[in-house]
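A.B. asks: After the structure tokens below, expect a handful of questions from me.
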Amino acid sequence: MSLLLDRDKETELQSHLDELTGRATLLFAVIIGFTFLSVTQIDGWLDQLLMAIDPCSNACLNLYDPARWSAVRWLSSILVAIAMSSPLILQQAWAFSHKGLLPNERKWVARWMVGGTVLTFIIAAWTLGWLLPFTFDSGHLIQSDMGLVARYDAVLMLEISLAVIWTQTVVSLAILGMAI
């Protein structure tokens, strides 16, 4: 027994899987393209982030492991590429799912998708612009009060920042997925 509305048409499961595969392939190709595009600009962006989170007034950032710098650059580029691809991701998710939704469900899902994405970007910007610099500054003050000399690993500071942003992104996707 199946429930079909007037506007519904019966389609095979394989056709849905084929459509999903095509949309996912397009998204992966676009993300890969944006990754290679953003890797050309990422050094400047990471330098700006380091200046924002650097708690020292004098030079206390060091590069202890140059090989990890390359990994941080690529991970950052992938994160930027996903952010740049988010309009296409939303459009493809909407195009895949809207056919199976009722009109009131379409409005609800569209609000959640757009609102959740905007909120995720706002939280990430707040984290990068205020929370991480505040946290690093607070830690530096505690260390300075103890009389320790500041020597920070720039790559480790960026890895911490990336881990926080990746975690926020994954949690946001999980919450949006559960809500939708």
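In the structure tokens, chains take the letters A, B, ... in the order shown, each chain's residues start at 1, and ligands count up from 1 in the order shown.
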Do you know which residues are at most 9 Å from stretch 156-160 of chain A counting only C-alpha atoms, after dropping those on the same chain fewer than 5 positions away, and could you put them as number ranges by chain?

C.D. replies: A: 46, 49-50, 53-54, 68, 72, 136, 165

A.B. asks: Could you dump the residues just selected with all heavy atoms as a short mmCIF file (atom, residue, chain, number, x, y, z; two decimals), in the first residue's frame?

C.D. replies:
data_model
loop_
_atom_site.label_atom_id
_atom_site.label_comp_id
_atom_site.auth_asym_id
_atom_site.auth_seq_id
_atom_site.Cartn_x
_atom_site.Cartn_y
_atom_site.Cartn_z
N LEU A 46 45.18 33.55 6.17
CA LEU A 46 45.72 32.97 7.40
C LEU A 46 46.60 33.98 8.14
O LEU A 46 46.62 34.01 9.37
CB LEU A 46 46.51 31.69 7.09
CG LEU A 46 45.68 30.49 6.64
CD1 LEU A 46 46.59 29.32 6.29
CD2 LEU A 46 44.67 30.09 7.69
N LEU A 49 44.28 36.17 10.02
CA LEU A 49 43.76 35.46 11.19
C LEU A 49 44.82 35.39 12.28
O LEU A 49 44.52 35.61 13.46
CB LEU A 49 43.30 34.05 10.80
CG LEU A 49 42.77 33.17 11.93
CD1 LEU A 49 41.58 33.83 12.63
CD2 LEU A 49 42.40 31.80 11.42
N LEU A 50 46.07 35.12 11.90
CA LEU A 50 47.14 35.09 12.89
C LEU A 50 47.33 36.45 13.57
O LEU A 50 47.56 36.52 14.78
CB LEU A 50 48.46 34.66 12.25
CG LEU A 50 48.72 33.16 12.19
CD1 LEU A 50 49.99 32.86 11.41
CD2 LEU A 50 48.78 32.55 13.57
N ILE A 53 44.50 36.74 16.17
CA ILE A 53 44.55 35.89 17.36
C ILE A 53 45.88 35.97 18.10
O ILE A 53 46.02 35.40 19.18
CB ILE A 53 44.23 34.41 17.02
CG1 ILE A 53 45.27 33.80 16.08
CG2 ILE A 53 42.83 34.28 16.48
CD1 ILE A 53 45.06 32.33 15.78
N ASP A 54 46.87 36.67 17.53
CA ASP A 54 48.17 36.82 18.18
C ASP A 54 48.02 37.65 19.46
O ASP A 54 47.66 38.82 19.40
CB ASP A 54 49.16 37.49 17.24
CG ASP A 54 50.55 37.61 17.82
OD1 ASP A 54 50.81 37.03 18.90
OD2 ASP A 54 51.39 38.28 17.19
N ARG A 68 53.59 21.03 8.72
CA ARG A 68 52.21 21.17 9.20
C ARG A 68 51.56 22.43 8.63
O ARG A 68 50.35 22.50 8.51
CB ARG A 68 52.18 21.21 10.72
CG ARG A 68 52.28 19.84 11.31
CD ARG A 68 52.09 19.72 12.80
NE ARG A 68 51.49 20.83 13.48
CZ ARG A 68 51.94 21.36 14.61
NH1 ARG A 68 53.04 20.89 15.16
NH2 ARG A 68 51.32 22.36 15.20
N VAL A 72 47.71 22.82 7.18
CA VAL A 72 46.79 23.85 7.64
C VAL A 72 46.28 24.67 6.46
O VAL A 72 45.10 25.02 6.40
CB VAL A 72 47.47 24.75 8.71
CG1 VAL A 72 46.69 26.02 8.96
CG2 VAL A 72 47.65 23.98 9.99
N PHE A 136 42.74 33.55 23.37
CA PHE A 136 44.21 33.58 23.32
C PHE A 136 44.78 34.71 24.17
O PHE A 136 45.81 34.54 24.83
CB PHE A 136 44.71 33.67 21.88
CG PHE A 136 44.58 32.37 21.11
CD1 PHE A 136 43.84 32.31 19.94
CD2 PHE A 136 45.21 31.22 21.55
CE1 PHE A 136 43.73 31.12 19.23
CE2 PHE A 136 45.11 30.03 20.84
CZ PHE A 136 44.36 29.98 19.69
N ILE A 165 36.29 25.93 14.29
CA ILE A 165 35.38 26.25 13.19
C ILE A 165 34.82 24.98 12.55
O ILE A 165 33.62 24.90 12.25
CB ILE A 165 36.08 27.15 12.14
CG1 ILE A 165 36.47 28.47 12.76
CG2 ILE A 165 35.19 27.37 10.92
CD1 ILE A 165 35.33 29.28 13.36
#

A.B. asks: With 7 Å as the cut-off and only C-alpha atoms counted, what is the closest atom pair between each nearby residue of stretch 45-140 of chain A and stretch 145-152 of chain A? Distances in Å to one decimal, ordered by chain and number, as JSON lines.

C.D. replies:
{"residue": "A:Cys60", "atom": "CA", "partner": "A:Arg151", "partner_atom": "CA", "distance": 5.0}
{"residue": "A:Leu61", "atom": "CA", "partner": "A:Tyr152", "partner_atom": "CA", "distance": 4.9}
{"residue": "A:Asn62", "atom": "CA", "partner": "A:Tyr152", "partner_atom": "CA", "distance": 6.0}

A.B. asks: Using only C-alpha atoms, which residues sit within 12 Å of A:Val118 once same-chain residues fewer than 3 positions away are excluded, as a list in words?

C.D. replies: Ala83, Ser86, Pro87, Leu90, Arg111, Trp112, Met113, Val114, Gly115, Phe121, Ile122, Ile123, Ala124, Ala125, Thr169, Ser172 and Leu176 of chain A

A.B. asks: In chain A, what's strand (DSSP E or B) per DSSP? Answer as a PyMOL selection string?

C.D. replies: chain A and resi 61-62+152-153

A.B. asks: So, counting only C-alpha atoms, which residue among A:Ile82, A:Ala52, A:Leu101, A:Asp43 is closest to A:Trp69?

C.D. replies: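 Looking only at the distances to A:Trp69, the closest residue turns out to be A:Asp43.
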
A.B. asks: Report, in Å to a single decimal, how far apart atom CA of A:Val30 and atom CA of A:Val109 are.

C.D. replies: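 Interatomic distance here is 23.8 Å.
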
A.B. asks: Run DSSP on the backbone and tell me which residues of chain A come out as helix (DSSP H, G or I); list them as an NGL selection string.

C.D. replies: :A and (13-38 or 42-53 or 66-100 or 103-145 or 154-179)

A.B. asks: Quick one: everything within 12 Å of stretch 12-18 of chain A, counting only C-alpha atoms, minus sequence neighbours fewer than 3 positions away in the same chain. Send it as a ChimeraX atom specification.

C.D. replies: /A:9,21-25,96-97,99-100

A.B. asks: Since we have the selection now, will you write its residues out, keeping C-alpha atoms, as a CSV table (one decimal), in the first residue's frame?

C.D. replies:
chain,number,residue,atom,x,y,z
A,9,LYS,CA,4.2,10.1,-9.6
A,21,THR,CA,24.7,10.9,-7.1
A,22,GLY,CA,24.7,13.5,-9.9
A,23,ARG,CA,24.0,16.3,-7.4
A,24,ALA,CA,26.7,15.1,-5.0
A,25,THR,CA,29.2,14.8,-7.9
A,96,PHE,CA,16.5,17.4,-4.5
A,97,SER,CA,14.1,17.6,-1.6
A,99,LYS,CA,9.5,17.6,-4.8
A,100,GLY,CA,8.7,15.3,-1.9

A.B. asks: Rounded to one decimal, what separation in Å do you get between atom CA of A:Ile42 and atom CA of A:Gly129?

C.D. replies: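 The value is 17.1 Å.
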
A.B. asks: Which distance in Å separates atom CA of A:Ala93 and atom CA of A:Ala81, to one decimal?

C.D. replies: 17.2 Å

A.B. asks: Choose the residue, out of A:Ser85, A:Gln168, A:Thr40, A:Ser161, that has the smallest atom-to-atom separation from A:Pro133; count only C-alpha atoms.

C.D. replies: A:Ser161

A.B. asks: For A:Val171, which residue out of A:Asp65, A:Gln91, A:Ile142, A:Gly116 is the nearest one, using only C-alpha atoms?

C.D. replies: A:Gly116

A.B. asks: Would you mind telling me which residue in A:Gln48, A:Gln41, A:Asn104, A:Thr35 lies nearest to A:Trp74 when using only C-alpha atoms?

C.D. replies: A:Thr35

A.B. asks: Between A:Thr11, A:Ser144, A:Ser70, A:Ser76, which one has atoms that come closest to A:Cys56, using only C-alpha atoms?

C.D. replies: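 Checking each candidate against A:Cys56, we get A:Ser144 as the closest.
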